[in-house]
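Undergrad: Input input-v1.txt, format and content: compact mmCIF, C-alpha atoms.
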# COMPACT_ATOMS: atom_id res chain seq x y z
CA MET T 29 0.00 0.00 0.00
CA PRO T 30 1.50 3.40 -0.95
CA ALA T 31 2.22 5.62 2.02
CA ARG T 32 -0.17 8.33 0.85
CA TYR T 33 -3.12 5.95 1.33
CA ILE T 34 -2.22 4.90 4.85
CA ASP T 35 -4.70 6.35 7.33
CA TYR T 36 -5.27 5.75 11.01
CA ILE T 37 -7.95 6.39 13.58
CA PRO T 38 -7.21 9.65 15.47
CA GLY T 39 -5.09 9.09 18.55
CA SER T 40 -4.31 5.45 17.83
CA SER T 41 -2.29 3.19 15.56
CA THR T 42 -5.35 1.29 14.32
CA HIS T 43 -5.81 1.14 10.56
CA LEU T 44 -9.11 2.27 9.12
CA ALA T 45 -11.40 -0.42 7.77
CA HIS T 46 -10.37 0.08 4.12
CA MET T 47 -6.71 -0.52 4.98
CA PRO T 48 -5.31 -4.04 4.44
CA PRO T 49 -3.63 -5.60 7.49
CA THR T 50 0.11 -5.39 7.85
CA ILE T 51 2.33 -8.46 7.77
CA ARG T 52 2.68 -8.25 11.54
CA GLN T 53 -1.10 -8.18 11.97
CA GLU T 54 -1.58 -11.10 9.58
CA ARG T 55 0.73 -13.16 11.76
CA GLY T 56 -1.48 -12.42 14.76
CA ARG T 57 1.16 -10.45 16.62
CA PRO T 58 -0.02 -7.38 18.52
CA ILE T 59 1.26 -3.97 17.51
CA VAL T 60 2.19 -3.16 21.12
CA GLU T 61 4.28 -5.68 22.99
CA VAL T 62 4.89 -5.27 26.72
CA ARG T 63 8.39 -5.51 28.12
CA PRO T 64 8.13 -7.11 31.56
CA GLU T 65 11.64 -6.26 32.75
CA GLN T 66 11.88 -2.66 33.90
CA PRO T 67 14.16 -1.01 36.42
CA GLN T 68 12.58 -0.23 39.76
CA ALA T 69 11.92 3.43 40.42
CA PRO T 70 13.60 4.89 43.52
CA ASP T 71 11.34 5.49 46.50
CA SER T 72 10.44 9.09 47.15
CA PRO T 73 11.42 10.52 50.56
CA ALA T 74 7.75 11.03 51.43
CA SER T 75 6.97 7.32 51.13
CA GLU T 76 9.96 5.84 52.97
CA ASP T 77 8.31 6.02 56.39
CA ILE T 78 4.91 4.76 55.24
CA PRO T 79 4.34 1.12 56.24
CA HIS T 80 2.95 -1.45 53.80
CA GLN T 81 3.55 0.88 50.86
CA PRO T 82 4.38 -1.10 47.70
CA PRO T 83 6.75 0.78 45.39
CA LEU T 84 5.54 1.97 42.00
CA VAL T 85 7.66 0.39 39.28
CA PRO T 86 7.47 2.12 35.86
CA TYR T 87 6.31 -0.15 33.06
CA GLN T 88 7.16 0.50 29.42
CA THR T 89 5.71 -0.86 26.18
CA ALA T 90 7.52 -1.41 22.93
CA PRO T 91 7.03 1.14 20.11
CA ASP T 92 4.09 0.31 17.85
CA ALA T 93 3.87 0.66 14.08
CA MET T 94 3.79 4.46 14.39
CA GLY T 95 6.67 4.65 16.85
CA LEU T 96 4.43 5.43 19.84
CA PHE T 97 5.10 3.80 23.19
CA ARG T 98 3.92 4.27 26.75
CA ILE T 99 5.66 4.53 30.09
CA TYR T 100 3.12 3.58 32.78
CA SER T 101 3.45 4.77 36.36
CA ALA T 102 3.06 1.10 37.37
CA ARG T 103 2.31 -2.16 35.64
CA PRO T 104 -1.32 -1.82 34.48
CA THR T 105 -3.76 -4.49 35.56
CA MET T 106 -5.89 -3.73 32.50
CA ILE T 107 -5.33 -2.02 29.15
CA PRO T 108 -8.74 -0.99 27.76
CA LYS T 109 -9.71 -2.33 24.38
CA GLY T 110 -13.02 -0.47 24.09
CA ASP T 111 -11.47 2.66 22.56
CA VAL T 112 -10.14 0.86 19.49
CA GLY T 113 -12.05 1.14 16.23
CA LEU T 114 -13.62 3.85 14.10
CA ASP T 115 -16.93 3.58 15.96
CA ALA T 116 -15.19 4.54 19.21
CA ALA T 117 -13.67 7.69 17.72
CA VAL T 118 -16.46 9.26 15.65
CA ASP T 119 -20.22 9.59 15.79
CA ALA T 120 -21.65 10.23 12.32
CA PRO T 121 -25.23 9.32 11.28
CA THR T 122 -23.93 7.87 8.00
CA LEU T 123 -21.89 5.14 9.74
CA ASP T 124 -23.31 1.66 10.20
CA ARG T 125 -22.51 1.39 13.88
CA ASP T 126 -23.79 -0.59 16.84
CA LEU T 127 -26.87 1.20 18.20
CA SER T 128 -27.81 -1.36 20.82
CA VAL T 129 -29.39 -0.11 24.04
CA GLY T 130 -27.29 -1.19 27.00
CA SER T 131 -28.30 -1.15 30.63
CA SER T 132 -25.89 1.70 31.29
CA GLN T 133 -27.78 3.92 28.83
CA ILE T 134 -31.08 3.36 30.61
CA ALA T 135 -30.12 3.24 34.29
CA THR T 136 -27.06 5.53 34.36
CA GLY T 137 -26.86 7.48 37.61
CA LEU T 138 -29.04 5.12 39.65
CA PRO T 139 -26.62 3.42 42.04
CA SER T 140 -29.21 1.82 44.32
CA PRO T 141 -29.13 -2.01 44.32
CA GLU T 142 -32.92 -1.89 44.66
CA ILE T 143 -33.25 -0.82 41.03
CA GLY T 144 -33.27 -3.70 38.59
CA PRO T 145 -34.40 -4.27 35.00
CA ASP T 146 -37.95 -4.99 36.17
CA ASN T 147 -38.21 -1.49 37.67
CA LEU T 148 -37.41 0.35 34.47
CA PHE T 149 -40.93 0.08 33.04
CA SER T 150 -42.81 0.37 36.33
CA PRO T 151 -43.97 3.99 35.83
CA PHE T 152 -45.53 3.28 32.43
CA SER T 153 -48.79 1.70 31.39
CA SER T 154 -46.86 -1.02 29.55
CA PRO T 155 -43.28 -1.92 28.61
CA THR T 156 -44.14 -0.87 25.05
CA ALA T 157 -44.95 2.66 26.24
CA GLY T 158 -41.66 2.77 28.16
CA LEU T 159 -39.67 1.68 25.11
CA LEU T 160 -41.30 4.31 22.90
CA MET T 161 -40.63 7.07 25.42
CA CYS T 162 -37.05 5.87 25.89
CA TRP T 163 -36.48 6.22 22.15
CA GLN T 164 -38.17 9.64 22.07
CA TYR T 165 -35.96 11.13 24.79
CA SER T 166 -32.68 9.41 23.86
CA GLY T 167 -30.34 9.82 20.94
CA VAL T 168 -30.46 13.16 19.14
CA ASN T 169 -33.26 15.71 19.10
CA SER T 170 -33.80 15.55 15.36
CA LYS T 171 -34.49 11.96 14.41
CA SER T 172 -32.28 11.02 11.46
CA ASN T 173 -32.06 7.86 9.37
CA ALA T 174 -29.73 6.39 11.99
CA GLU T 175 -32.30 7.14 14.70
CA MET T 176 -35.02 5.39 12.71
CA LYS T 177 -32.72 2.41 12.30
CA ARG T 178 -32.17 2.43 16.06
CA LEU T 179 -35.94 2.48 16.59
CA THR T 180 -36.55 -0.55 14.37
CA ARG T 181 -33.56 -2.55 15.62
CA ASN T 182 -33.61 -1.95 19.34
CA PHE T 183 -37.14 -0.92 20.28
CA LEU T 184 -39.67 -2.32 17.84
CA ASP T 185 -37.78 -5.61 17.82
CA HIS T 186 -37.56 -5.73 21.65
CA ASP T 187 -39.08 -8.75 23.40
CA GLU T 188 -41.23 -6.45 25.56
CA TYR T 189 -42.66 -4.52 22.60
CA LYS T 190 -46.32 -5.38 21.86
CA ARG T 191 -48.16 -4.05 18.84
CA GLU T 192 -51.51 -4.00 20.64
CA ASP T 193 -50.06 -1.73 23.36
CA ALA T 194 -48.59 0.61 20.74
CA ARG T 195 -52.07 1.21 19.26
CA ILE T 196 -53.29 2.78 22.52
CA TYR T 197 -50.06 4.65 23.31
CA ASP T 198 -50.70 8.18 24.58
CA ASP T 199 -47.72 10.44 25.25
CA VAL T 200 -49.65 12.78 27.57
CA ARG T 201 -50.92 9.87 29.67
CA GLU T 202 -47.46 8.37 30.04
CA LYS T 203 -45.99 11.66 31.26
CA ARG T 204 -48.78 11.94 33.82
CA LEU T 205 -48.12 8.40 35.03
CA ILE T 206 -44.43 9.21 35.48
CA SER T 207 -45.26 12.26 37.62
CA VAL T 208 -47.59 10.22 39.83
CA TYR T 209 -45.03 7.41 40.14
CA LEU T 210 -42.21 9.72 41.21
CA LYS T 211 -44.35 11.27 43.97
CA ASP T 212 -44.63 7.86 45.63
CA SER T 213 -41.88 7.74 48.26
CA SER T 214 -41.73 3.94 48.11
CA ASN T 215 -40.51 3.72 44.49
CA PRO T 216 -36.84 2.77 43.93
CA PHE T 217 -36.24 6.03 42.04
CA ARG T 218 -36.93 8.16 45.13
CA ALA T 219 -34.85 11.17 46.06
CA GLU T 220 -32.18 9.43 48.12
CA ASN T 221 -31.28 7.32 45.08
CA GLY T 222 -30.92 10.27 42.73
CA TRP T 223 -31.69 13.96 42.77
CA ARG T 224 -32.01 16.09 45.88
CA GLU T 225 -33.38 19.60 46.33
CA SER T 226 -31.52 22.07 48.53
CA THR T 227 -31.42 25.76 49.41
CA VAL T 228 -28.16 27.64 48.93
CA GLN T 229 -27.20 30.71 50.91
CA ILE T 230 -25.03 33.41 49.31
CA ARG T 231 -23.46 36.38 51.07
CA LEU T 232 -24.15 39.58 49.11
CA PRO T 233 -22.05 42.72 48.77
CA LYS T 234 -23.68 46.14 48.81
CA GLU T 235 -22.45 49.36 47.31
CA LYS T 236 -21.00 51.85 49.82
CA MET T 237 -21.51 49.43 52.70
CA LYS T 238 -18.82 47.66 54.75
CA TRP T 239 -18.99 44.83 57.28
CA ALA T 240 -16.42 43.60 59.75
CA SER T 241 -16.54 40.12 58.25
CA GLU T 242 -18.28 38.19 55.52
CA ASP T 243 -20.47 36.48 58.13
CA GLU T 244 -22.19 39.80 58.82
CA ALA T 245 -23.09 40.49 55.18
CA PRO T 246 -26.75 40.04 54.13
CA VAL T 247 -27.77 36.57 53.03
CA LEU T 248 -29.70 35.62 49.90
CA GLU T 249 -31.41 32.24 50.02
CA ILE T 250 -31.81 30.48 46.67
CA PRO T 251 -34.25 27.55 46.86
CA GLY T 252 -34.81 24.91 44.22
CA VAL T 253 -31.19 23.86 43.59
CA TYR T 254 -31.36 20.25 42.37
CA HIS T 255 -28.18 18.23 42.70
CA ARG T 256 -26.75 14.72 42.91
CA SER T 257 -24.03 13.18 45.03
CA LEU T 258 -20.62 13.01 43.33
CA THR T 259 -19.85 9.85 45.29
CA ASP T 260 -23.00 8.18 43.96
CA ILE T 261 -22.08 9.11 40.39
CA ILE T 262 -18.52 7.78 40.75
CA THR T 263 -19.78 4.55 42.34
CA SER T 264 -22.43 3.89 39.71
CA VAL T 265 -20.08 4.61 36.79
CA PHE T 266 -17.19 2.50 38.10
CA GLN T 267 -19.59 -0.39 38.81
CA ASP T 268 -20.97 -0.16 35.27
CA SER T 269 -19.57 -2.14 32.34
CA VAL T 270 -18.37 1.12 30.78
CA ALA T 271 -15.57 1.17 33.38
CA SER T 272 -13.85 -1.59 31.39
CA THR T 273 -13.00 1.10 28.80
CA PHE T 274 -11.50 3.44 31.43
CA HIS T 275 -7.75 3.97 31.77
CA MET T 276 -7.01 3.31 35.44
CA THR T 277 -3.20 3.51 35.25
CA PRO T 278 -1.76 6.77 33.85
CA PHE T 279 1.11 6.76 31.42
CA GLN T 280 3.45 9.06 29.59
CA GLN T 281 3.18 8.64 25.84
CA GLN T 282 6.24 9.21 23.68
CA TRP T 283 7.05 9.09 19.99
CA LYS T 284 10.28 7.41 19.00
CA VAL T 285 11.50 9.60 16.15
CA SER T 286 14.85 7.85 15.90
CA GLU T 287 17.18 5.77 18.01
CA GLU T 288 18.56 8.93 19.59
CA ARG T 289 15.42 11.06 19.90
CA THR T 290 11.99 10.73 21.50
CA VAL T 291 9.20 13.32 21.74
CA ASN T 292 6.49 13.58 24.40
CA VAL T 293 2.95 13.23 23.06
CA TYR T 294 0.08 14.95 24.90
CA SER T 295 -3.29 13.62 23.86
CA GLU T 296 -5.53 12.46 26.71
CA ALA T 297 -6.20 13.42 30.32
CA TYR T 298 -4.91 10.05 31.54
CA SER T 299 -1.55 10.68 29.84
CA SER T 300 -1.09 14.11 31.41
CA PRO T 301 1.46 14.95 34.14
CA ALA T 302 -1.35 15.99 36.53
CA PHE T 303 -2.97 12.55 36.29
CA SER T 304 0.34 10.80 36.99
CA GLU T 305 1.05 13.07 39.96
CA SER T 306 -2.39 12.34 41.43
CA TYR T 307 -1.83 8.61 40.91
CA VAL T 308 1.45 8.74 42.83
CA GLU T 309 -0.17 10.80 45.59
CA VAL T 310 -3.06 8.36 46.01
CA ASN T 311 -0.73 5.38 46.13
CA SER T 312 1.50 7.11 48.69
CA LEU T 313 -1.27 7.27 51.30
CA PRO T 314 -0.90 4.96 54.33
CA ARG T 315 -2.41 1.48 54.09
CA GLU T 316 -3.76 -0.94 56.61
CA GLY T 317 -1.92 -4.21 57.06
CA ASP T 318 -4.42 -6.25 55.00
CA ASP T 319 -5.09 -3.57 52.36
CA ASP T 320 -3.98 -4.97 49.02
CA LEU T 321 -6.61 -3.30 46.83
CA GLU T 322 -5.60 -1.41 43.72
CA ARG T 323 -5.78 2.37 44.03
CA VAL T 324 -6.81 4.41 41.01
CA VAL T 325 -7.71 8.01 40.26
CA ALA T 326 -11.20 9.10 39.21
CA SER T 327 -10.57 12.11 37.00
CA LEU T 328 -13.59 14.45 37.17
CA MET T 329 -13.92 17.09 34.46
CA MET T 330 -16.53 19.69 35.49
CA TRP T 331 -18.46 21.89 33.11
CA SER T 332 -21.19 24.50 33.48
CA ASP T 333 -22.91 26.75 30.98
CA ALA T 334 -26.35 28.14 30.25
CA THR T 335 -28.49 26.03 27.91
CA HIS T 336 -31.55 27.08 25.90
CA LEU T 337 -34.42 24.62 26.22
CA THR T 338 -36.42 25.65 23.14
CA ASN T 339 -35.68 26.70 19.59
CA PHE T 340 -38.05 29.65 20.04
CA GLY T 341 -38.37 31.72 23.21
CA ASP T 342 -36.06 32.48 26.09
CA ALA T 343 -36.56 29.40 28.31
CA SER T 344 -33.14 28.39 29.61
CA LEU T 345 -31.42 26.22 32.19
CA TRP T 346 -27.99 26.30 33.80
CA PRO T 347 -26.77 22.70 34.23
CA PHE T 348 -23.65 21.60 36.07
CA TYR T 349 -22.25 18.35 34.71
CA LEU T 350 -19.12 16.25 34.52
CA PHE T 351 -17.17 13.85 32.34
CA PHE T 352 -14.58 11.28 33.41
CA GLY T 353 -11.02 11.95 32.30
CA ASN T 354 -10.35 8.20 32.51
CA GLN T 355 -12.35 7.89 29.30
CA SER T 356 -11.00 8.71 25.86
CA LYS T 357 -11.76 12.22 24.63
CA TYR T 358 -13.16 10.75 21.41
CA THR T 359 -15.71 8.74 23.37
CA ARG T 360 -16.58 11.74 25.55
CA GLY T 361 -17.29 13.76 22.41
CA LYS T 362 -19.90 11.30 21.12
CA PRO T 363 -23.49 12.22 22.09
CA THR T 364 -24.55 8.57 21.87
CA ALA T 365 -21.86 7.48 24.36
CA SER T 366 -23.89 8.82 27.33
CA ALA T 367 -20.59 10.06 28.79
CA CYS T 368 -22.07 13.25 30.28
CA HIS T 369 -23.35 13.03 33.87
CA HIS T 370 -25.55 15.82 35.19
CA VAL T 371 -24.64 16.93 38.70
CA ALA T 372 -26.81 19.96 39.41
CA TYR T 373 -29.27 22.45 37.95
CA ILE T 374 -28.67 26.06 38.99
CA PRO T 375 -31.77 28.28 38.99
CA SER T 376 -31.58 31.81 37.59
CA VAL T 377 -31.70 34.56 40.17
CA SER T 378 -33.45 37.83 39.30
CA PRO T 379 -32.66 40.88 41.46
CA VAL T 380 -35.55 42.54 43.25
CA LEU T 381 -35.69 46.20 42.21
Output the structure of this file as C-alpha cells.
TA:
Amino acid sequence: MPARYIDYIPGSSTHLAHMPPTIRQERGRPIVEVRPEQPQAPDSPASEDIPHQPPLVPYQTAPDAMGLFRIYSARPTMIPKGDVGLDAAVDAPTLDRDLSVGSSQIATGLPSPEIGPDNLFSPFSSPTAGLLMCWQYSGVNSKSNAEMKRLTRNFLDHDEYKREDARIYDDVREKRLISVYLKDSSNPFRAENGWRESTVQIRLPKEKMKWASEDEAPVLEIPGVYHRSLTDIITSVFQDSVASTFHMTPFQQQWKVSEERTVNVYSEAYSSPAFSESYVEVNSLPREGDDDLERVVASLMMWSDATHLTNFGDASLWPFYLFFGNQSKYTRGKPTASACHHVAYIPSVSPVL
C-alpha cells in the first residue's frame, strides 16, 4: 500500500477499515508488545516512612507501528480495548454502527441495588410505552435515518414490545403516570437514590456598605437547587460495564523519532502529568496491614454553561455536569456514548428592584 493511502484512527495506531492488514497483523502479533523487565523506580522521601507501601515500578511498552510507546506509572492491571475502532472515535449518522441499548444507557446514575431491569418500566402503562418514550428522549433531538434504524432494531424488535399496546399509546398519559409514580416515596427512584433539592445561601455585597466580616453580610437564600451526590455518580459509573473502557493507570506517551530522539505526546487526560502526579499521591497514602486493593484516580472534568431549552423563546437552564477523564476524549465527544453526567441544575436569580 503506498504511504499516501495509509490512514489511522485519530489518537491510535489502528488502521481504518479500508486498509489491508500489515504483515505483523496477519501473523497475529499485537502492535504493542509489553516488556516485563523494567528497572525499579527509587522510592520518594515522602513514602519511605509509610508502612505497607508497595513501590511503583514504571512499566514500558515497545514502540508500535507508528513509533508510539507508553511509560506507565506502574504495571497496568488492564489495558482498555473499548477505545479501538472507528466507531469509538467518531459519531456520524452515516456510519453503520452498533446502536444497541445497553443497561448503562437506561439506568445511568441510579446506584441503588434496589433498582433492577424490572423497575425500568414500572412507571408506564406497559413496557411498550416505556420503550417508545425511551427512544423519544434518547439519541439526538432531530431523528435522522440512523435514529429510525435504532428504533426498528432496538425498540420495535424488543421482546417487551407489543403491537396492541402501541395502538393505545398516549404520550400525555405516560408523562402523567411518570409524575404520579415519582411522587410515591416507596418507588426505587426516590430522592435518596438520585436527585435532591436544597437551598443555597449566598453572602451579598452592597455598594457603599462595609462589614467587619463576611459572616455579617446580608444573606440571599436560593431555593430549588437540584443536585446529585458526586460519590453516587462515581460509584455507579465505576460499577458499570463502561468502566472496562476506562484507563485506570496513567502513562506518559512518547514518539520514538529515531534511536537517539523521543518526543512527548500529549493527547488524553490520563496521559497528562497531573494525572500521573495524582496517581502517585493516592498510592503514597498509608495502608492498613491487610489492604492490598488497587488504588486508582477518578478524573472528574466539570463543566457548566447556560443552555436554551427551546428553539423559540427564552426558556433556559444552567446545568452543572461532569465527564470522566479516565475515558477517551473521542468517546466523551460522542453524544450517543452517554458520557455526560448531570450533577446539578442552577436556577436563575433575578434581582428585586
Undergrad: Could you tell me how far atom CA of T:Ala93 lies from atom CA of T:Ile34, in Å and to one decimal?
TA: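 So the answer is 11.8 Å.
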Undergrad: Measuring atom to atom with all atoms listed in the file, identify which of T:Ser300, T:Thr227, T:Pro155, T:Ile262 is nearest to T:Gln280.
TA: T:Ser300
Undergrad: In Å, how far is it from atom CA of T:Thr156 to atom CA of T:Asn173?
TA: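 Distance reported for this atom pair: 21.6 Å.
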Undergrad: Fewer than 5 positions away in the same chain doesn't count, so skip those; otherwise give me all residues within 12 Å of T:Leu258, counting all atoms listed in the file, as an mmCIF file with C-alpha atoms, in the frame of the given file.
TA:
data_model
loop_
_atom_site.group_PDB
_atom_site.id
_atom_site.type_symbol
_atom_site.label_atom_id
_atom_site.label_comp_id
_atom_site.auth_asym_id
_atom_site.auth_seq_id
_atom_site.Cartn_x
_atom_site.Cartn_y
_atom_site.Cartn_z
ATOM 1 C CA GLY T 137 -26.860 7.480 37.610
ATOM 2 C CA PRO T 139 -26.620 3.420 42.040
ATOM 3 C CA GLY T 222 -30.920 10.270 42.730
ATOM 4 C CA TRP T 223 -31.690 13.960 42.770
ATOM 5 C CA THR T 263 -19.780 4.550 42.340
ATOM 6 C CA SER T 264 -22.430 3.890 39.710
ATOM 7 C CA VAL T 265 -20.080 4.610 36.790
ATOM 8 C CA ALA T 326 -11.200 9.100 39.210
ATOM 9 C CA SER T 327 -10.570 12.110 37.000
ATOM 10 C CA LEU T 328 -13.590 14.450 37.170
ATOM 11 C CA MET T 329 -13.920 17.090 34.460
ATOM 12 C CA MET T 330 -16.530 19.690 35.490
ATOM 13 C CA PHE T 348 -23.650 21.600 36.070
ATOM 14 C CA TYR T 349 -22.250 18.350 34.710
ATOM 15 C CA LEU T 350 -19.120 16.250 34.520
ATOM 16 C CA PHE T 351 -17.170 13.850 32.340
ATOM 17 C CA PHE T 352 -14.580 11.280 33.410
ATOM 18 C CA HIS T 369 -23.350 13.030 33.870
ATOM 19 C CA HIS T 370 -25.550 15.820 35.190
ATOM 20 C CA VAL T 371 -24.640 16.930 38.700
ATOM 21 C CA ALA T 372 -26.810 19.960 39.410
#
Undergrad: Could you pull the residues within 12 Å of T:Arg195, counting only C-alpha atoms, minus those fewer than 6 positions along the same chain, as JSON, numbers by chain?
TA: {"T": [154, 156, 157, 160, 189]}
Undergrad: Can you write out the residues you just picked, keeping C-alpha atoms, as a PDB file, in the frame of the given file?
TA:
ATOM      1  CA  SER T 154     -46.860  -1.020  29.550  1.00  0.00           C
ATOM      2  CA  THR T 156     -44.140  -0.870  25.050  1.00  0.00           C
ATOM      3  CA  ALA T 157     -44.950   2.660  26.240  1.00  0.00           C
ATOM      4  CA  LEU T 160     -41.300   4.310  22.900  1.00  0.00           C
ATOM      5  CA  TYR T 189     -42.660  -4.520  22.600  1.00  0.00           C
TER       6      TYR T 189
END
Undergrad: Figure out the distance between atom CA of T:Asn354 and atom CA of T:Glu296, please, to one decimal in Å.
TA: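 These two atoms are separated by 8.7 Å.
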